[in-house]
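Everything below belongs to data11.txt, which stores compact mmCIF, C-alpha atoms.
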# COMPACT_ATOMS: atom_id res chain seq x y z
CA MET D 1 159.01 -96.19 -38.40
CA ALA D 2 156.23 -96.59 -40.96
CA VAL D 3 152.82 -97.59 -39.63
CA SER D 4 150.89 -100.11 -41.70
CA ASP D 5 147.31 -99.44 -42.77
CA ASN D 6 146.11 -102.41 -40.70
CA SER D 7 147.73 -101.22 -37.47
CA ARG D 8 146.61 -97.65 -38.10
CA GLN D 9 143.02 -98.73 -38.63
CA SER D 10 143.01 -100.76 -35.43
CA LEU D 11 143.48 -97.62 -33.35
CA LEU D 12 140.05 -96.20 -34.21
CA PRO D 13 136.46 -97.43 -34.71
CA SER D 14 136.31 -99.58 -37.83
CA PHE D 15 133.49 -97.59 -39.47
CA LEU D 16 135.87 -94.64 -39.89
CA TYR D 17 137.89 -96.79 -42.30
CA SER D 18 135.07 -98.54 -44.09
CA THR D 19 134.68 -98.16 -47.81
CA PRO D 20 131.79 -95.99 -48.97
CA SER D 21 129.74 -99.09 -49.78
CA SER D 22 130.31 -100.66 -46.36
CA THR D 23 129.67 -97.32 -44.67
CA LYS D 24 126.32 -97.18 -46.43
CA ARG D 25 125.50 -100.67 -45.21
CA ILE D 26 126.38 -99.77 -41.62
CA PHE D 27 124.10 -96.74 -41.62
CA GLY D 28 121.39 -98.26 -43.79
CA LEU D 29 122.02 -95.86 -46.64
CA ASP D 30 122.87 -98.29 -49.44
CA THR D 31 122.17 -96.59 -52.77
CA PRO D 32 123.08 -97.21 -56.43
CA LEU D 33 125.71 -94.46 -56.14
CA SER D 34 127.42 -96.12 -53.19
CA LYS D 35 127.42 -99.45 -55.00
CA GLY D 36 128.98 -97.99 -58.11
CA VAL D 37 131.80 -95.98 -56.56
CA SER D 38 134.37 -96.96 -53.96
CA HIS D 39 137.14 -95.09 -52.18
CA HIS D 40 136.03 -91.66 -53.37
CA HIS D 41 134.86 -88.46 -51.79
CA VAL D 42 131.50 -87.35 -53.13
CA LEU D 43 130.81 -83.66 -53.35
CA PRO D 44 127.73 -81.78 -54.56
CA ARG D 45 127.93 -80.71 -58.16
CA SER D 46 129.14 -77.14 -58.64
CA VAL D 47 128.95 -76.84 -62.44
CA PRO D 48 125.98 -77.22 -64.77
CA SER D 49 127.19 -80.42 -66.44
CA VAL D 50 130.10 -82.82 -66.39
CA SER D 51 131.19 -85.11 -69.18
CA SER D 52 130.87 -88.80 -68.47
CA SER D 53 134.26 -89.31 -70.10
CA SER D 54 136.02 -87.17 -67.49
CA ASN D 55 139.22 -88.58 -66.05
CA VAL D 56 137.92 -87.78 -62.59
CA ILE D 57 134.73 -89.77 -62.93
CA GLY D 58 136.11 -92.48 -65.19
CA ASP D 59 133.60 -95.07 -66.30
CA HIS D 60 130.92 -94.08 -63.79
CA ALA D 61 128.90 -92.14 -66.31
CA GLY D 62 125.72 -92.73 -64.39
CA VAL D 63 126.75 -90.48 -61.51
CA SER D 64 128.09 -87.61 -63.58
CA ALA D 65 124.67 -86.14 -64.15
CA SER D 66 124.18 -85.36 -60.46
CA ARG D 67 127.49 -85.39 -58.60
CA ILE D 68 131.20 -84.76 -58.95
CA VAL D 69 133.38 -87.64 -57.74
CA ILE D 70 136.84 -86.71 -56.45
CA PRO D 71 139.42 -89.37 -55.55
CA SER D 72 140.12 -89.82 -51.85
CA PRO D 73 143.69 -88.97 -50.75
CA LYS D 74 143.80 -92.36 -48.98
CA GLU D 75 141.19 -95.03 -48.53
CA GLY D 76 138.42 -93.90 -46.76
CA ILE D 77 135.52 -91.78 -46.07
CA GLU D 78 132.95 -90.15 -48.32
CA MET D 79 132.71 -86.43 -47.86
CA PHE D 80 129.52 -85.46 -45.97
CA SER D 81 128.68 -89.08 -45.15
CA PRO D 82 127.82 -90.18 -41.58
CA ALA D 83 131.39 -91.44 -41.22
CA PHE D 84 132.72 -88.01 -42.28
CA TYR D 85 130.71 -86.23 -39.59
CA ALA D 86 131.74 -88.87 -37.04
CA ALA D 87 135.41 -88.29 -37.91
CA SER D 88 134.92 -84.50 -37.63
CA THR D 89 133.34 -84.96 -34.21
CA VAL D 90 136.19 -87.13 -32.93
CA GLY D 91 138.78 -84.75 -34.37
CA GLY D 92 137.12 -81.76 -32.70
CA MET D 93 136.93 -83.59 -29.37
CA LEU D 94 140.67 -84.31 -29.47
CA ALA D 95 141.57 -80.82 -30.71
CA CYS D 96 139.74 -78.88 -28.01
CA GLY D 97 139.96 -81.32 -25.09
CA LEU D 98 143.71 -81.87 -25.30
CA THR D 99 144.72 -78.27 -25.98
CA HIS D 100 142.59 -76.66 -23.29
CA THR D 101 143.79 -79.18 -20.72
CA ALA D 102 147.41 -78.54 -21.71
CA VAL D 103 147.10 -74.79 -21.06
CA THR D 104 145.31 -75.19 -17.70
CA PRO D 105 148.12 -73.32 -15.84
CA LEU D 106 147.77 -70.29 -18.14
CA ASP D 107 144.00 -70.38 -17.83
CA LEU D 108 144.26 -70.61 -14.04
CA VAL D 109 146.44 -67.50 -13.79
CA LYS D 110 144.25 -65.62 -16.29
CA CYS D 111 141.06 -66.35 -14.35
CA ASN D 112 142.60 -65.22 -11.07
CA MET D 113 143.96 -62.03 -12.67
CA GLN D 114 140.41 -61.28 -13.82
CA ILE D 115 138.85 -61.98 -10.41
CA ASP D 116 141.50 -60.53 -8.08
CA PRO D 117 143.73 -58.05 -9.95
CA VAL D 118 145.06 -56.60 -6.69
CA LYS D 119 146.65 -59.89 -5.68
CA TYR D 120 147.53 -61.15 -9.16
CA LYS D 121 149.07 -58.08 -10.76
CA SER D 122 150.91 -59.71 -13.66
CA ILE D 123 151.47 -63.02 -15.38
CA SER D 124 154.84 -63.69 -13.71
CA SER D 125 153.65 -62.70 -10.24
CA GLY D 126 150.52 -64.79 -10.77
CA PHE D 127 152.54 -67.91 -11.45
CA GLY D 128 154.81 -67.12 -8.50
CA ILE D 129 151.88 -66.76 -6.09
CA MET D 130 150.24 -69.94 -7.33
CA ILE D 131 153.39 -72.02 -6.94
CA LYS D 132 154.16 -70.53 -3.53
CA GLU D 133 150.67 -71.13 -2.14
CA GLN D 134 149.70 -74.39 -3.82
CA GLY D 135 152.85 -75.89 -5.31
CA VAL D 136 153.39 -76.94 -8.92
CA LYS D 137 150.46 -79.37 -8.62
CA GLY D 138 148.16 -76.42 -7.96
CA LEU D 139 148.82 -75.07 -11.47
CA PHE D 140 146.66 -77.87 -12.86
CA LYS D 141 143.70 -77.26 -10.59
CA GLY D 142 140.49 -77.72 -12.54
CA TRP D 143 141.97 -79.94 -15.26
CA GLY D 144 139.14 -82.50 -14.89
CA PRO D 145 136.20 -80.25 -15.78
CA THR D 146 138.41 -78.58 -18.38
CA LEU D 147 139.08 -81.87 -20.16
CA LEU D 148 135.48 -83.07 -20.08
CA GLY D 149 133.89 -79.72 -20.84
CA TYR D 150 136.08 -78.73 -23.75
CA SER D 151 136.10 -82.25 -25.22
CA ALA D 152 132.29 -82.10 -25.37
CA GLN D 153 132.40 -78.57 -26.72
CA GLY D 154 134.97 -79.45 -29.40
CA ALA D 155 133.00 -82.48 -30.54
CA CYS D 156 129.89 -80.35 -31.06
CA LYS D 157 131.77 -77.33 -32.41
CA TYR D 158 133.63 -79.07 -35.24
CA GLY D 159 131.09 -81.80 -35.98
CA PHE D 160 128.15 -79.41 -36.25
CA TYR D 161 130.24 -76.80 -38.10
CA GLU D 162 130.90 -79.28 -40.91
CA PHE D 163 127.20 -80.18 -40.92
CA PHE D 164 125.88 -76.62 -40.95
CA LYS D 165 128.45 -75.45 -43.49
CA LYS D 166 127.19 -78.10 -45.91
CA TYR D 167 123.54 -77.48 -44.96
CA TYR D 168 123.70 -73.72 -45.59
CA SER D 169 125.71 -74.23 -48.79
CA ASP D 170 123.00 -76.54 -50.11
CA ILE D 171 120.33 -73.96 -49.29
CA ALA D 172 122.28 -71.18 -51.02
CA GLY D 173 123.14 -73.24 -54.09
CA PRO D 174 126.56 -73.50 -55.82
CA GLU D 175 126.67 -69.94 -57.19
CA TYR D 176 125.70 -68.10 -54.01
CA ALA D 177 127.59 -70.48 -51.73
CA ALA D 178 130.79 -69.58 -53.59
CA LYS D 179 129.95 -65.86 -53.76
CA TYR D 180 129.00 -65.54 -50.09
CA LYS D 181 131.25 -68.22 -48.65
CA THR D 182 132.30 -66.09 -45.66
CA LEU D 183 128.66 -65.71 -44.64
CA ILE D 184 128.34 -69.50 -44.89
CA TYR D 185 131.35 -69.89 -42.56
CA LEU D 186 129.92 -67.36 -40.11
CA ALA D 187 126.44 -68.86 -40.05
CA GLY D 188 127.70 -72.43 -39.79
CA SER D 189 130.11 -71.70 -36.94
CA ALA D 190 127.57 -69.62 -34.99
CA SER D 191 124.95 -72.38 -35.26
CA ALA D 192 127.44 -74.99 -34.10
CA GLU D 193 128.62 -72.92 -31.14
CA VAL D 194 125.10 -72.41 -29.77
CA ILE D 195 124.92 -76.19 -29.32
CA ALA D 196 128.53 -76.60 -28.19
CA ASP D 197 128.21 -74.10 -25.34
CA VAL D 198 125.26 -75.94 -23.82
CA ALA D 199 127.60 -78.94 -23.55
CA LEU D 200 130.41 -76.83 -22.10
CA CYS D 201 128.55 -74.62 -19.62
CA PRO D 202 128.20 -76.98 -16.62
CA MET D 203 131.89 -77.92 -16.68
CA GLU D 204 132.91 -74.27 -17.16
CA ALA D 205 130.97 -73.29 -14.03
CA VAL D 206 132.75 -75.96 -11.99
CA LYS D 207 136.15 -75.10 -13.47
CA VAL D 208 135.98 -71.39 -12.71
CA ARG D 209 134.94 -71.92 -9.09
CA VAL D 210 137.53 -74.60 -8.45
CA GLN D 211 140.23 -72.37 -9.90
CA THR D 212 139.26 -69.05 -8.29
CA GLN D 213 137.66 -69.91 -4.93
CA PRO D 214 140.22 -71.42 -2.52
CA GLY D 215 138.72 -74.28 -0.56
CA PHE D 216 135.58 -74.52 -2.70
CA ALA D 217 136.36 -78.00 -4.02
CA ARG D 218 139.26 -80.21 -5.03
CA GLY D 219 137.89 -80.81 -8.51
CA LEU D 220 134.96 -82.10 -10.55
CA SER D 221 133.89 -84.95 -8.27
CA ASP D 222 133.08 -82.72 -5.28
CA GLY D 223 132.64 -79.37 -7.09
CA LEU D 224 129.74 -80.43 -9.33
CA PRO D 225 127.48 -81.82 -6.57
CA LYS D 226 128.31 -78.84 -4.35
CA ILE D 227 126.99 -76.37 -6.94
CA VAL D 228 123.87 -78.46 -7.61
CA LYS D 229 123.13 -78.75 -3.88
CA ALA D 230 123.53 -75.01 -3.26
CA GLU D 231 121.89 -73.59 -6.41
CA GLY D 232 120.13 -76.45 -8.15
CA ALA D 233 120.87 -77.63 -11.69
CA GLY D 234 120.22 -74.09 -12.92
CA GLY D 235 123.36 -72.94 -11.15
CA LEU D 236 125.41 -74.89 -13.68
CA PHE D 237 123.93 -72.82 -16.52
CA LYS D 238 124.01 -69.40 -14.86
CA GLY D 239 126.86 -68.32 -17.11
CA LEU D 240 125.32 -69.59 -20.37
CA GLY D 241 124.32 -66.15 -21.65
CA PRO D 242 127.78 -64.61 -21.16
CA LEU D 243 129.32 -67.84 -22.43
CA TRP D 244 127.37 -67.48 -25.68
CA GLY D 245 128.44 -63.83 -25.74
CA ARG D 246 132.07 -64.91 -25.47
CA GLN D 247 132.12 -68.07 -27.55
CA ILE D 248 129.81 -67.32 -30.50
CA PRO D 249 131.78 -64.25 -31.73
CA TYR D 250 134.99 -66.14 -30.90
CA THR D 251 133.99 -69.16 -32.98
CA MET D 252 132.64 -67.10 -35.87
CA MET D 253 135.97 -65.27 -36.01
CA LYS D 254 137.91 -68.52 -35.55
CA PHE D 255 136.34 -70.41 -38.44
CA ALA D 256 135.71 -67.62 -40.94
CA THR D 257 139.16 -66.06 -40.46
CA PHE D 258 140.88 -69.43 -40.61
CA GLU D 259 139.10 -70.52 -43.80
CA ASN D 260 139.92 -67.24 -45.57
CA ILE D 261 143.54 -67.01 -44.35
CA VAL D 262 144.28 -70.57 -45.42
CA GLU D 263 142.77 -69.88 -48.84
CA LEU D 264 144.93 -66.75 -49.20
CA ILE D 265 148.08 -68.62 -48.15
CA TYR D 266 147.56 -71.28 -50.79
CA LYS D 267 146.61 -68.69 -53.39
CA TYR D 268 149.43 -66.19 -52.91
CA SER D 269 152.23 -67.74 -50.83
CA ILE D 270 152.51 -71.34 -52.00
CA PRO D 271 153.04 -71.90 -55.73
CA THR D 272 152.15 -75.59 -55.54
CA PRO D 273 148.45 -76.59 -55.65
CA LYS D 274 147.18 -77.72 -52.26
CA ASP D 275 146.55 -81.31 -53.32
CA GLN D 276 150.20 -81.58 -54.38
CA CYS D 277 151.61 -80.22 -51.11
CA SER D 278 153.00 -82.58 -48.51
CA ASN D 279 150.99 -83.35 -45.41
CA ALA D 280 153.59 -81.56 -43.28
CA LEU D 281 153.27 -78.38 -45.32
CA GLN D 282 149.48 -78.49 -45.22
CA LEU D 283 149.51 -78.92 -41.44
CA GLY D 284 151.97 -76.02 -41.18
CA VAL D 285 149.48 -73.88 -43.08
CA SER D 286 146.76 -75.05 -40.70
CA PHE D 287 148.79 -73.96 -37.66
CA THR D 288 149.68 -70.57 -39.19
CA GLY D 289 146.09 -69.83 -40.19
CA GLY D 290 144.86 -71.00 -36.81
CA TYR D 291 147.32 -68.86 -34.84
CA ILE D 292 146.46 -65.68 -36.77
CA ALA D 293 142.74 -66.41 -36.40
CA GLY D 294 143.29 -66.98 -32.66
CA VAL D 295 144.67 -63.48 -32.13
CA PHE D 296 141.52 -61.96 -33.61
CA CYS D 297 139.40 -64.38 -31.57
CA ALA D 298 141.04 -63.34 -28.30
CA VAL D 299 140.44 -59.63 -28.83
CA ILE D 300 136.80 -59.87 -29.93
CA SER D 301 135.73 -62.30 -27.18
CA HIS D 302 137.74 -60.97 -24.23
CA PRO D 303 135.12 -58.69 -22.62
CA ALA D 304 132.68 -61.59 -22.43
CA ASP D 305 135.44 -63.82 -21.04
CA ASN D 306 135.88 -61.37 -18.16
CA LEU D 307 132.12 -61.44 -17.56
CA VAL D 308 132.01 -65.25 -17.48
CA SER D 309 134.81 -65.40 -14.91
CA PHE D 310 133.18 -62.70 -12.74
CA LEU D 311 129.64 -64.16 -12.81
CA ASN D 312 130.74 -67.73 -12.11
CA ASN D 313 132.85 -66.54 -9.19
CA ALA D 314 130.39 -64.09 -7.54
CA LYS D 315 127.14 -65.67 -6.34
CA GLY D 316 124.09 -63.65 -7.35
CA ALA D 317 126.10 -61.10 -9.34
CA THR D 318 124.72 -59.53 -12.52
CA VAL D 319 126.31 -58.19 -15.70
CA GLY D 320 125.77 -54.67 -14.33
CA ASP D 321 127.70 -55.56 -11.17
CA ALA D 322 130.58 -56.86 -13.27
CA VAL D 323 130.75 -53.73 -15.44
CA LYS D 324 130.58 -51.50 -12.37
CA LYS D 325 133.37 -53.31 -10.55
CA LEU D 326 135.69 -54.00 -13.49
CA GLY D 327 135.09 -50.75 -15.37
CA LEU D 328 135.02 -50.49 -19.16
CA ARG D 329 138.81 -50.50 -19.49
CA GLY D 330 139.18 -53.46 -17.18
CA LEU D 331 136.45 -55.32 -19.04
CA LEU D 332 138.26 -54.81 -22.35
CA THR D 333 141.90 -55.27 -21.32
CA ARG D 334 142.28 -57.11 -18.01
CA GLY D 335 144.21 -60.31 -18.73
CA LEU D 336 144.18 -59.65 -22.51
CA PRO D 337 147.94 -60.04 -23.28
CA LEU D 338 148.01 -63.45 -21.64
CA ARG D 339 144.82 -64.45 -23.40
CA ILE D 340 146.22 -63.44 -26.81
CA VAL D 341 149.23 -65.70 -26.28
CA MET D 342 147.08 -68.49 -24.90
CA VAL D 343 144.28 -68.33 -27.49
CA GLY D 344 146.64 -67.83 -30.45
CA THR D 345 148.66 -70.89 -29.54
CA LEU D 346 145.53 -72.80 -28.59
CA THR D 347 143.72 -72.09 -31.85
CA GLY D 348 146.77 -72.89 -33.97
CA ALA D 349 147.24 -76.18 -32.13
CA GLN D 350 143.54 -77.04 -32.41
CA TRP D 351 143.45 -76.64 -36.17
CA THR D 352 146.68 -78.65 -36.47
CA ILE D 353 145.32 -81.52 -34.36
CA TYR D 354 141.96 -81.45 -36.13
CA ASP D 355 143.48 -81.49 -39.60
CA ALA D 356 146.11 -84.07 -38.59
CA PHE D 357 143.31 -86.37 -37.49
CA LYS D 358 141.47 -85.78 -40.77
CA VAL D 359 144.62 -86.67 -42.73
CA PHE D 360 145.10 -89.72 -40.49
CA VAL D 361 141.69 -91.13 -41.44
CA GLY D 362 142.04 -90.26 -45.12
CA LEU D 363 140.32 -86.86 -45.39
CA PRO D 364 141.72 -83.60 -46.82
CA THR D 365 142.74 -80.75 -44.52
CA THR D 366 140.34 -77.84 -43.95
CA GLY D 367 140.32 -74.75 -46.15
CA GLY D 368 142.13 -73.79 -49.30
CA GLY D 369 139.07 -73.64 -51.54
CA ALA D 370 136.81 -76.35 -52.89
CA PRO D 371 138.24 -78.94 -55.29
CA THR D 372 137.90 -77.93 -58.93
CA PRO D 373 135.55 -80.27 -60.80
CA ALA D 374 136.56 -81.75 -64.11
CA ALA D 375 135.68 -79.46 -67.02
CA SER D 376 133.08 -80.71 -69.46
CA LYS D 377 134.03 -81.32 -73.04
CA PRO D 378 132.25 -79.36 -75.78

Would you kindly transcribe this structure into structure tokens?
Amino acid sequence: MAVSDNSRQSLLPSFLYSTPSSTKRIFGLDTPLSKGVSHHHVLPRSVPSVSSSSNVIGDHAGVSASRIVIPSPKEGIEMFSPAFYAASTVGGMLACGLTHTAVTPLDLVKCNMQIDPVKYKSISSGFGIMIKEQGVKGLFKGWGPTLLGYSAQGACKYGFYEFFKKYYSDIAGPEYAAKYKTLIYLAGSASAEVIADVALCPMEAVKVRVQTQPGFARGLSDGLPKIVKAEGAGGLFKGLGPLWGRQIPYTMMKFATFENIVELIYKYSIPTPKDQCSNALQLGVSFTGGYIAGVFCAVISHPADNLVSFLNNAKGATVGDAVKKLGLRGLLTRGLPLRIVMVGTLTGAQWTIYDAFKVFVGLPTTGGGAPTPAASKP
């Protein structure tokens, strides 16, 4: 059944659907540009000059000297406006919060395989032991801190990634931003993840203990105050260093690999230009690029994932203690097959949800190269 624009808009905050001029009024950023153009994305200029007679810019000759104006796929949101970053933040929150919560059973078995490999020897036996000891309900232990922690992380991760990607591109300038685009992706994603992990860390500490220490707590409501009482607020951030060690390489790989894979798919595998592809096809590309990126993410971040699980489970333990007990091979491979399946699916689903939300509010999907500006006439 088709959903009308009015009913679709009512599901989300109204500023996400405001026209560029009304968005400017909401945020106090009313400018001549916003008054002269409506329902367009505005991107920084990437060519020396653009003709005022361009079909893309139309009659808005006054803006052609400084910016390229590209029609919005729906009604909506200026690129790189406050509403754009707000939409990216909400999309990231949904993408990470929902997916991580959905795979709580897999995460639970993985964490216990890392902490107690003698008892949890394999994926199948791990599930069997969990169900036998705690019932099916026990497979979702720790879903509360998982939902809150990864929703906060996703909001920061995607929202700040879009911000830093634009910020570093502006610093580099059009020529170098295009030439060194992968470095822009890496720097933007690393900067975003530093912030995102601070938001995640307290909930991750609660989650790991609830999942791996029987009888520690039922969930977030009693687990969080128990940690604070025993170790102070600092106990919630004990795993921040290893978390950065796990998540920053993971996120750099996730975003840079995804952006490049999607660009290659559109360049070599799909004959139709991206802006002429259906939404379903574009979201299929997002899932494929995300899944492939997720496999690389799992491998590069797995040693640090083992460290995070060990340190959050063992009070007073150090990185040296973890390496000594797990061994180099265990650090690199323990729980890796399950994590590849989990992270690959997770990353593919996250990019699909994120890009689906962007399409829903009238934004283009991520990746595939920057829009080509209108060529100037001689």

Residues near D:Ala102, cut-off 12 Å, only C-alpha atoms, skip fewer than 3 positions along chain, as an MDAnalysis selection string: chainID D and resid 94:99 105:108 139:144 146:147 150 342 345:346 349:350

Answer as JSON, numbers by chain, residues within 10 Å of (136.0, -73.9, -15.1) using all atoms listed in the file: {"D": [104, 107, 108, 111, 141, 142, 143, 144, 145, 146, 147, 149, 150, 200, 201, 202, 203, 204, 205, 206, 207, 208, 209, 210, 211, 212, 219, 220, 308, 309, 312, 313]}

Could you dump the residues just selected with C-alpha atoms as a compact mmCIF listing (two decimals), in the frame of the given file?
# COMPACT_ATOMS: atom_id res chain seq x y z
CA THR D 104 145.31 -75.19 -17.70
CA ASP D 107 144.00 -70.38 -17.83
CA LEU D 108 144.26 -70.61 -14.04
CA CYS D 111 141.06 -66.35 -14.35
CA LYS D 141 143.70 -77.26 -10.59
CA GLY D 142 140.49 -77.72 -12.54
CA TRP D 143 141.97 -79.94 -15.26
CA GLY D 144 139.14 -82.50 -14.89
CA PRO D 145 136.20 -80.25 -15.78
CA THR D 146 138.41 -78.58 -18.38
CA LEU D 147 139.08 -81.87 -20.16
CA GLY D 149 133.89 -79.72 -20.84
CA TYR D 150 136.08 -78.73 -23.75
CA LEU D 200 130.41 -76.83 -22.10
CA CYS D 201 128.55 -74.62 -19.62
CA PRO D 202 128.20 -76.98 -16.62
CA MET D 203 131.89 -77.92 -16.68
CA GLU D 204 132.91 -74.27 -17.16
CA ALA D 205 130.97 -73.29 -14.03
CA VAL D 206 132.75 -75.96 -11.99
CA LYS D 207 136.15 -75.10 -13.47
CA VAL D 208 135.98 -71.39 -12.71
CA ARG D 209 134.94 -71.92 -9.09
CA VAL D 210 137.53 -74.60 -8.45
CA GLN D 211 140.23 -72.37 -9.90
CA THR D 212 139.26 -69.05 -8.29
CA GLY D 219 137.89 -80.81 -8.51
CA LEU D 220 134.96 -82.10 -10.55
CA VAL D 308 132.01 -65.25 -17.48
CA SER D 309 134.81 -65.40 -14.91
CA ASN D 312 130.74 -67.73 -12.11
CA ASN D 313 132.85 -66.54 -9.19

Polymer residues at most 12 Å from D:Val285, all atoms listed in the file, same-chain spacing of 2 or more positions, as a ChimeraX atom specification: /D:258-267,269-270,274,277-283,287-292,348-349,351-352,355-356,365-368

At most 7 Å is the cut-off: for each residue in stretch 119-183 of chain D with any atom that close to an atom of stretch 80-92 of chain D, write down the nearest atom pair and the distance in Å rounded to one decimal, counting all atoms listed in the file, chain first then increasing number, as a tab-separated table.
residue	atom	partner	partner_atom	distance
D:Gly154	CA	D:Gly92	CA	4.6
D:Ala155	CA	D:Thr89	CA	4.4
D:Cys156	CA	D:Thr89	CA	6.6
D:Lys157	CA	D:Gly92	CA	7.0
D:Tyr158	CA	D:Gly92	CA	5.1
D:Gly159	CA	D:Thr89	CA	4.3

Export, as a PDB file, keeping the file's coordinate frame, the selected residues with C-alpha atoms.
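Contents of the output file selection.pdb:
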ATOM      1  CA  GLY D 154     134.970 -79.450 -29.400  1.00  0.00           C
ATOM      2  CA  ALA D 155     133.000 -82.480 -30.540  1.00  0.00           C
ATOM      3  CA  CYS D 156     129.890 -80.350 -31.060  1.00  0.00           C
ATOM      4  CA  LYS D 157     131.770 -77.330 -32.410  1.00  0.00           C
ATOM      5  CA  TYR D 158     133.630 -79.070 -35.240  1.00  0.00           C
ATOM      6  CA  GLY D 159     131.090 -81.800 -35.980  1.00  0.00           C
TER       7      GLY D 159
END

Contacts of D:Met253 within 7 Å, all atoms listed in the file, excl. fewer than 3 positions in-chain, as a PyMOL selection string: chain D and resi 249-250+256-257+293+296-297

Among listed residues D:Tyr185, D:Pro214, D:Asp170, D:Phe255, nearest D:Gln134 (using only C-alpha atoms): D:Pro214

Among listed residues D:Ser122, D:Ser286, D:Gln276, D:Gln247, nearest D:Leu307 (using all atoms listed in the file):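 Smallest separation from D:Leu307 among the options: D:Gln247.
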
Gap from atom CA of D:Leu311 to atom CA of D:Leu338 - Å, one decimal: 20.4 Å

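Comparing the minimum interatomic distances between D:Thr182 and each of D:Tyr168, D:Lys238, D:Asp275, D:Pro303, counting only C-alpha atoms, we find that D:Tyr168 sits nearest.
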
Answer as a PyMOL selection string, residues within 10 Å of (124.0, -76.2, -35.6) using all atoms listed in the file: chain D and resi 156-157+159-165+167+187-196

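The two atoms in question, atom CA of D:Phe216 and atom CA of D:Arg334, are spaced 24.1 Å apart.
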